[in-house]
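Here's the structure we're looking at; comments come further down.
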Amino acid sequence: MAEEIIRVEHLYKRFGDNEVLRDISTSIYEREKVVILGLSGSGKSTLLRCLNCMEDPSGGAIYFDGENLADFKVDINRHRQKIGMVFQQFNLFNNKTVIQNITLAPVHIGVKGLRRAQRINFFRKIGNMFRRLFKKEEKALVTIEKTKADIVKEAKEKAHELLRRIGLEDKANVYPSTLSGGQKQRIAIVRALAMNPKVMLFDEPTSALDPEMVGEVLDLIKQLADEGMTMVIVTHEMGFAREVATRVLFMADGNIAEEGSPEEVFDHPKNPKTVQFLKAVL
Amino acid sequence: MLENIKVFFKNLSGENFTDLFFEGLWNTVKIAILGLIIGIVIGTVIGIIKVAPKYKLGMRILDKISTVYVAIFRGTPMVAQLLIAYYLLLPLLGVKGVEAVNVGVAVFGMNSGAYVSEIMRGGINSVDPGQTEAGRALGLSYPTTMLKIVVPQAIKNIIPTLGNEFITLIKDTAVLSFISIVDINVAVKQIAQPGYVYSAGYLFMAVVYIVLVLVITGLVKLTEHFLNKSDRKYGTTKSAKKS
Ligand SMILES: Nc1ncnc2c1ncn2[C@@H]1O[C@H](COP(=O)(O)OP(=O)(O)O)[C@@H](O)[C@H]1O
Ligand SMILES: [Mg+2]
């Protein structure tokens, strides 16, 4: 069995009196492409956003990397670095150029790690002076492999490589306001990829696009899927869902009403609600 | 009146009075600028605290402190703040030898911080929440997301309002005379004394204020233009010419 990337256990989510998710349990395995379907308002986005705790669960647990993300004591920021998220509205940083959008988080997080190591070493050195004085064994320093310049250079190289891949290297130094929706979304996707995530979450990545731009974004997602990226995708693009999904979840009444392979769910739906939904959208 | 104006300018051209005028002008401008800078820093911190989620006890405490701070500085006249700081707080704390100008800067900064915090809160709320979401989803902390992504966009949105705050500060410097700082007011009054040409003096002072305000307005426009580079479409100059 493939490695379990995310495990959802008895997940509940309430907004005030509105119980949106009711006791959901499921797991996302490595290299899986899970597509979430459901009527508008059925809680698809909420479920997706609970996976990286953009919405804090009201009950239950989300396990990632051996830790329960729903626990407030967990360093959620560290885990989110490894869970890429792509939004319907792209959400590129308006005040940053394309390349800055892609390098901001890797550089910031790299430099933060560097500063931490430097801080630790500073105190270890002071401690070691005393240890020497009292003839105790000295503590080893943290090895620092990269300078800040290295971190920046690496992030930029990676960003250029990603931009080249999507054919937008010439847009590296422009601001998002100058780009088309399709270009924005593809850049948002590589911005997430620049963090080397273990899993990518897509919330209706093509719903805000003009029809002629849907294809370029879906093609990029398909490429990532073929390369083995683990994904959870909320989408209304049924053809794409059928093609890419290894598993389909159909959500209704705050829970997973039906799940299975695309063939099972699309061709032989069992739940009357799934039947009704498919009739309406296909 | 014309005669008065002539007398006033004759006074002003005297070396001592010219120096006095520039000292007053400099104090007014300096205290307003430094006050605004301190105000923006304090206002940004309070603005962020105000909009931050309040899960943690520490955050709720900071929120309460901010509320009290804003209430105090917005709820009392600046003159009272200046007098209390200079004649009550400093002696009470046993601090000696602090220049009145520095007290002015501190009080103006803290006072302005209370007003800027409200402006900043509005500015932050005007930024698309998707920007915060994207930052947090990438694993950036809340403060980092705020400082690197949201606040720069908020500041861009509130530049005109900050310009107004600056103009208010410039005009408020008139109260500095209460702690014997030579601002434009004090300077002009002294310059107008020989020959009792006060009416001409006040007219001159009004003109000086208007010029200052016009300069600030120009600077605000320039800053806006500069900060708007992220809105400008690259390459539109060409296509604009075509159409
Ligand atoms: N932040 C929120 N506050 C209050 N209610 C919310 C919030 N987000 C979603 N909801 C409610 O949760 C339900 C599910 O929403 P959502 O997960 O966005 O559905 P979907 O993505 O399937 O269309 C809806 O009834 C919606 O009104
Ligand atoms: Mg949704």
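Labels for the structure tokens follow display order: chains A, B, ..., residues from 1 in each chain, ligands from 1.
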Tell me the residues of chain A close to chain B, meaning within 10 Å using only C-alpha atoms, as an NGL selection string.
:A and (49 or 52-54 or 72 or 75-97 or 101 or 104-106 or 108-109 or 173-179 or 188 or 191-192 or 194-195 or 197)
So which residues touch range 196-209 of chain B within 7 Å, counting only C-alpha atoms, skipping near sequence neighbours fewer than 5 positions away, as a ChimeraX atom specification?
/B:4-5,8,188-189
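Selecting strand (DSSP E) from the backbone DSSP output for range 30-146 of chain A yields Lys33, Val34, Val35, Ile36, Leu37, Gly38, Gly59, Gly60, Ala61, Ile62, Tyr63, Phe64, Glu67, Asn68, Ile83, Gly84, Met85 and Val86 of chain A.
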Could you list, as a PyMOL selection string, every residue within 12 Å of Pro53 in chain B, counting only C-alpha atoms and ignoring same-chain residues fewer than 6 positions away?
chain B and resi 59-60+62-63+142-143
Residues within 10 Å of range 216-225 of chain A, only C-alpha atoms, excluding chain neighbours under 4 positions, as a short mmCIF file (atom, residue, chain, number, x, y, z; two decimals) with all heavy atoms, in the first residue's frame:
data_model
loop_
_atom_site.label_atom_id
_atom_site.label_comp_id
_atom_site.auth_asym_id
_atom_site.auth_seq_id
_atom_site.Cartn_x
_atom_site.Cartn_y
_atom_site.Cartn_z
N ARG A 31 0.54 9.65 -4.41
CA ARG A 31 0.28 9.55 -5.86
C ARG A 31 -1.21 9.46 -6.19
O ARG A 31 -1.56 9.34 -7.36
CB ARG A 31 1.02 8.37 -6.49
CG ARG A 31 2.53 8.46 -6.31
CD ARG A 31 3.23 7.23 -6.85
NE ARG A 31 3.45 7.35 -8.29
CZ ARG A 31 4.52 7.93 -8.83
NH1 ARG A 31 5.43 8.45 -8.06
NH2 ARG A 31 4.66 7.99 -10.13
N GLU A 32 -2.07 9.54 -5.20
CA GLU A 32 -3.50 9.53 -5.50
C GLU A 32 -3.93 10.87 -6.08
O GLU A 32 -3.35 11.90 -5.76
CB GLU A 32 -4.30 9.31 -4.21
CG GLU A 32 -4.87 7.92 -4.08
CD GLU A 32 -5.97 7.88 -3.03
OE1 GLU A 32 -5.80 8.48 -1.95
OE2 GLU A 32 -6.98 7.22 -3.31
N LYS A 33 -4.95 10.86 -6.94
CA LYS A 33 -5.58 12.09 -7.41
C LYS A 33 -7.05 11.99 -7.00
O LYS A 33 -7.82 11.27 -7.65
CB LYS A 33 -5.49 12.24 -8.93
CG LYS A 33 -4.08 12.50 -9.45
CD LYS A 33 -3.33 11.23 -9.60
CE LYS A 33 -1.95 11.27 -10.19
NZ LYS A 33 -0.85 11.53 -9.29
N ARG A 165 9.15 26.17 -17.70
CA ARG A 165 8.33 24.99 -17.90
C ARG A 165 6.92 25.36 -18.38
O ARG A 165 6.35 24.68 -19.23
CB ARG A 165 8.25 24.24 -16.56
CG ARG A 165 7.16 23.26 -16.53
CD ARG A 165 7.04 22.54 -15.25
NE ARG A 165 6.06 21.51 -15.53
CZ ARG A 165 5.86 20.45 -14.83
NH1 ARG A 165 6.58 20.24 -13.77
NH2 ARG A 165 4.95 19.59 -15.16
N ILE A 166 6.37 26.45 -17.84
CA ILE A 166 5.02 26.83 -18.26
C ILE A 166 5.07 27.92 -19.35
O ILE A 166 4.06 28.53 -19.68
CB ILE A 166 4.16 27.32 -17.07
CG1 ILE A 166 4.84 28.48 -16.34
CG2 ILE A 166 3.88 26.19 -16.11
CD1 ILE A 166 3.94 29.13 -15.28
N GLY A 181 -6.02 35.58 -16.82
CA GLY A 181 -6.41 34.66 -15.75
C GLY A 181 -5.68 33.33 -15.83
O GLY A 181 -5.21 32.80 -14.82
N GLY A 182 -5.57 32.82 -17.04
CA GLY A 182 -4.90 31.52 -17.22
C GLY A 182 -3.44 31.59 -16.81
O GLY A 182 -2.91 30.68 -16.17
N GLN A 183 -2.79 32.71 -17.20
CA GLN A 183 -1.38 32.88 -16.82
C GLN A 183 -1.26 32.99 -15.30
O GLN A 183 -0.39 32.38 -14.69
CB GLN A 183 -0.82 34.14 -17.48
CG GLN A 183 -0.69 34.01 -18.99
CD GLN A 183 -0.32 35.32 -19.66
OE1 GLN A 183 -0.64 36.40 -19.16
NE2 GLN A 183 0.35 35.24 -20.80
N LYS A 184 -2.17 33.77 -14.70
CA LYS A 184 -2.13 33.93 -13.24
C LYS A 184 -2.25 32.58 -12.55
O LYS A 184 -1.51 32.28 -11.62
CB LYS A 184 -3.29 34.82 -12.76
CG LYS A 184 -3.06 36.29 -13.00
CD LYS A 184 -4.21 37.08 -12.40
CE LYS A 184 -4.23 38.48 -12.97
NZ LYS A 184 -5.40 39.25 -12.61
N GLN A 185 -3.20 31.77 -13.00
CA GLN A 185 -3.42 30.51 -12.31
C GLN A 185 -2.25 29.56 -12.50
O GLN A 185 -1.87 28.85 -11.58
CB GLN A 185 -4.74 29.87 -12.78
CG GLN A 185 -5.20 28.71 -11.92
CD GLN A 185 -5.49 29.10 -10.48
OE1 GLN A 185 -4.62 29.62 -9.77
NE2 GLN A 185 -6.71 28.86 -10.02
N ARG A 186 -1.65 29.57 -13.67
CA ARG A 186 -0.50 28.68 -13.87
C ARG A 186 0.67 29.14 -12.99
O ARG A 186 1.41 28.31 -12.45
CB ARG A 186 -0.10 28.66 -15.35
CG ARG A 186 -1.10 27.82 -16.17
CD ARG A 186 -0.69 27.68 -17.61
NE ARG A 186 -0.77 28.95 -18.33
CZ ARG A 186 0.10 29.32 -19.27
NH1 ARG A 186 1.11 28.55 -19.59
NH2 ARG A 186 -0.06 30.48 -19.88
N ILE A 187 0.81 30.46 -12.83
CA ILE A 187 1.87 30.95 -11.94
C ILE A 187 1.55 30.61 -10.49
O ILE A 187 2.43 30.22 -9.72
CB ILE A 187 2.08 32.46 -12.15
CG1 ILE A 187 2.75 32.67 -13.50
CG2 ILE A 187 2.93 33.06 -11.04
CD1 ILE A 187 2.67 34.07 -14.04
N ILE A 189 0.06 28.03 -9.53
CA ILE A 189 0.37 26.61 -9.38
C ILE A 189 1.87 26.40 -9.19
O ILE A 189 2.30 25.69 -8.28
CB ILE A 189 -0.16 25.79 -10.59
CG1 ILE A 189 -1.69 25.79 -10.58
CG2 ILE A 189 0.38 24.36 -10.55
CD1 ILE A 189 -2.33 25.21 -11.83
N VAL A 190 2.70 27.06 -10.01
CA VAL A 190 4.14 26.86 -9.83
C VAL A 190 4.64 27.54 -8.55
O VAL A 190 5.63 27.10 -7.97
CB VAL A 190 4.99 27.30 -11.06
CG1 VAL A 190 4.63 26.48 -12.27
CG2 VAL A 190 4.90 28.77 -11.31
N LEU A 193 4.30 24.89 -6.25
CA LEU A 193 5.27 23.83 -6.54
C LEU A 193 6.67 24.18 -6.04
O LEU A 193 7.45 23.30 -5.70
CB LEU A 193 5.36 23.60 -8.05
CG LEU A 193 4.29 22.76 -8.71
CD1 LEU A 193 4.59 22.65 -10.20
CD2 LEU A 193 4.24 21.38 -8.07
N MET A 200 -0.92 18.53 -3.25
CA MET A 200 -1.46 19.81 -3.72
C MET A 200 -2.98 19.79 -3.60
O MET A 200 -3.63 18.81 -3.97
CB MET A 200 -1.10 20.03 -5.20
CG MET A 200 0.38 20.16 -5.47
SD MET A 200 0.91 21.87 -5.51
CE MET A 200 0.26 22.39 -7.08
N PHE A 202 -6.41 21.72 -4.80
CA PHE A 202 -6.94 22.65 -5.80
C PHE A 202 -8.41 22.91 -5.50
O PHE A 202 -9.22 21.98 -5.46
CB PHE A 202 -6.85 22.05 -7.21
CG PHE A 202 -5.45 21.84 -7.71
CD1 PHE A 202 -4.77 20.66 -7.41
CD2 PHE A 202 -4.81 22.79 -8.47
CE1 PHE A 202 -3.48 20.44 -7.87
CE2 PHE A 202 -3.52 22.59 -8.94
CZ PHE A 202 -2.85 21.41 -8.65
N PRO A 205 -9.94 25.27 -9.55
CA PRO A 205 -8.87 26.10 -10.13
C PRO A 205 -9.24 26.77 -11.46
O PRO A 205 -8.56 27.70 -11.87
CB PRO A 205 -7.72 25.10 -10.34
CG PRO A 205 -8.38 23.77 -10.40
CD PRO A 205 -9.56 23.85 -9.49
N THR A 206 -10.32 26.31 -12.11
CA THR A 206 -10.65 26.92 -13.41
C THR A 206 -12.00 27.64 -13.40
O THR A 206 -12.44 28.13 -14.44
CB THR A 206 -10.68 25.84 -14.52
OG1 THR A 206 -11.65 24.85 -14.17
CG2 THR A 206 -9.33 25.18 -14.68
N LEU A 209 -12.07 31.31 -14.61
CA LEU A 209 -11.38 31.58 -15.88
C LEU A 209 -12.36 31.72 -17.04
O LEU A 209 -13.42 31.10 -17.05
CB LEU A 209 -10.42 30.44 -16.20
CG LEU A 209 -9.23 30.25 -15.27
CD1 LEU A 209 -8.46 29.01 -15.67
CD2 LEU A 209 -8.33 31.47 -15.32
N GLU A 212 -11.78 30.04 -22.72
CA GLU A 212 -10.63 29.71 -23.57
C GLU A 212 -9.36 29.49 -22.79
O GLU A 212 -8.36 29.03 -23.34
CB GLU A 212 -10.44 30.79 -24.65
CG GLU A 212 -9.85 32.10 -24.17
CD GLU A 212 -10.92 33.08 -23.71
OE1 GLU A 212 -12.07 32.66 -23.44
OE2 GLU A 212 -10.60 34.29 -23.60
N MET A 229 2.42 13.64 -8.72
CA MET A 229 2.05 14.50 -7.60
C MET A 229 0.75 14.00 -6.97
O MET A 229 -0.18 13.60 -7.67
CB MET A 229 1.86 15.94 -8.11
CG MET A 229 1.39 16.93 -7.07
SD MET A 229 2.49 17.14 -5.68
CE MET A 229 3.76 18.18 -6.38
N THR A 230 0.71 13.99 -5.66
CA THR A 230 -0.51 13.65 -4.93
C THR A 230 -1.41 14.88 -4.93
O THR A 230 -0.94 15.97 -4.67
CB THR A 230 -0.18 13.27 -3.48
OG1 THR A 230 0.87 12.31 -3.50
CG2 THR A 230 -1.39 12.74 -2.75
N MET A 231 -2.71 14.68 -5.26
CA MET A 231 -3.57 15.85 -5.40
C MET A 231 -4.97 15.62 -4.85
O MET A 231 -5.49 14.50 -4.94
CB MET A 231 -3.78 16.20 -6.86
CG MET A 231 -2.55 16.40 -7.66
SD MET A 231 -3.07 16.76 -9.33
CE MET A 231 -1.53 17.33 -9.96
N ILE A 233 -8.55 17.59 -5.62
CA ILE A 233 -9.06 18.61 -6.53
C ILE A 233 -10.57 18.74 -6.40
O ILE A 233 -11.30 17.75 -6.55
CB ILE A 233 -8.74 18.24 -8.00
CG1 ILE A 233 -7.26 17.88 -8.15
CG2 ILE A 233 -9.13 19.37 -8.94
CD1 ILE A 233 -6.93 17.23 -9.49
N GLU A 237 -15.28 20.39 -13.67
CA GLU A 237 -14.92 19.92 -15.01
C GLU A 237 -15.01 18.40 -15.03
O GLU A 237 -14.07 17.71 -14.65
CB GLU A 237 -13.49 20.37 -15.36
CG GLU A 237 -13.31 21.87 -15.43
CD GLU A 237 -13.94 22.46 -16.68
OE1 GLU A 237 -14.08 21.75 -17.69
OE2 GLU A 237 -14.30 23.65 -16.63
N PHE A 240 -12.43 16.30 -17.20
CA PHE A 240 -11.12 16.34 -16.55
C PHE A 240 -11.11 15.42 -15.33
O PHE A 240 -10.17 14.64 -15.13
CB PHE A 240 -10.84 17.80 -16.14
CG PHE A 240 -9.68 17.98 -15.22
CD1 PHE A 240 -8.38 17.90 -15.68
CD2 PHE A 240 -9.89 18.25 -13.87
CE1 PHE A 240 -7.30 18.09 -14.83
CE2 PHE A 240 -8.83 18.43 -13.01
CZ PHE A 240 -7.53 18.35 -13.49
N GLU A 243 -10.88 11.86 -16.28
CA GLU A 243 -9.59 11.52 -16.87
C GLU A 243 -8.48 11.43 -15.82
O GLU A 243 -7.64 10.53 -15.86
CB GLU A 243 -9.23 12.60 -17.90
CG GLU A 243 -8.04 12.25 -18.77
CD GLU A 243 -7.72 13.39 -19.73
OE1 GLU A 243 -8.63 14.21 -20.01
OE2 GLU A 243 -6.58 13.45 -20.18
N VAL A 244 -8.48 12.37 -14.89
CA VAL A 244 -7.35 12.47 -13.97
C VAL A 244 -7.55 11.67 -12.68
O VAL A 244 -6.59 11.11 -12.14
CB VAL A 244 -7.11 13.96 -13.60
CG1 VAL A 244 -6.08 14.09 -12.50
CG2 VAL A 244 -6.65 14.72 -14.83
N ALA A 245 -8.79 11.60 -12.21
CA ALA A 245 -9.02 11.05 -10.87
C ALA A 245 -8.61 9.59 -10.76
O ALA A 245 -8.79 8.80 -11.70
CB ALA A 245 -10.49 11.20 -10.50
#
Identify, counting only C-alpha atoms and all ligand atoms, the protein, DNA and RNA residues located within 7 Å of ligand 1, and give them as a VMD selection string.
chain A and resid 15 20 38 to 47
Compile the contact shell of Asp71 in chain A as number ranges by chain: residues with an atom at most 12 Å away, counting only C-alpha atoms, same-chain residues fewer than 4 positions apart removed.
A: 52-53, 56-64, 67, 75-76
Which residues, written as a ChimeraX atom specification, have at least one atom at most 6 Å from range 259-273 of chain A, with only C-alpha atoms counted and residues fewer than 5 positions away on the same chain left out?
/A:242,246-249
Find the spatial neighbours of range 84-88 of chain B, counting only C-alpha atoms, within a cut-off of 9 Å - ignore same-chain residues fewer than 3 positions away - and output them as a ChimeraX atom specification.
/B:79-81,91-93,100,103-104,107,179
Assign secondary structure with DSSP using the backbone only, and return the residues of range 41-231 of chain B in helix (DSSP H, G or I) as a PyMOL selection string.
chain B and resi 41-51+57-75+78-93+100-125+129-137+142-179+184-192+198-230
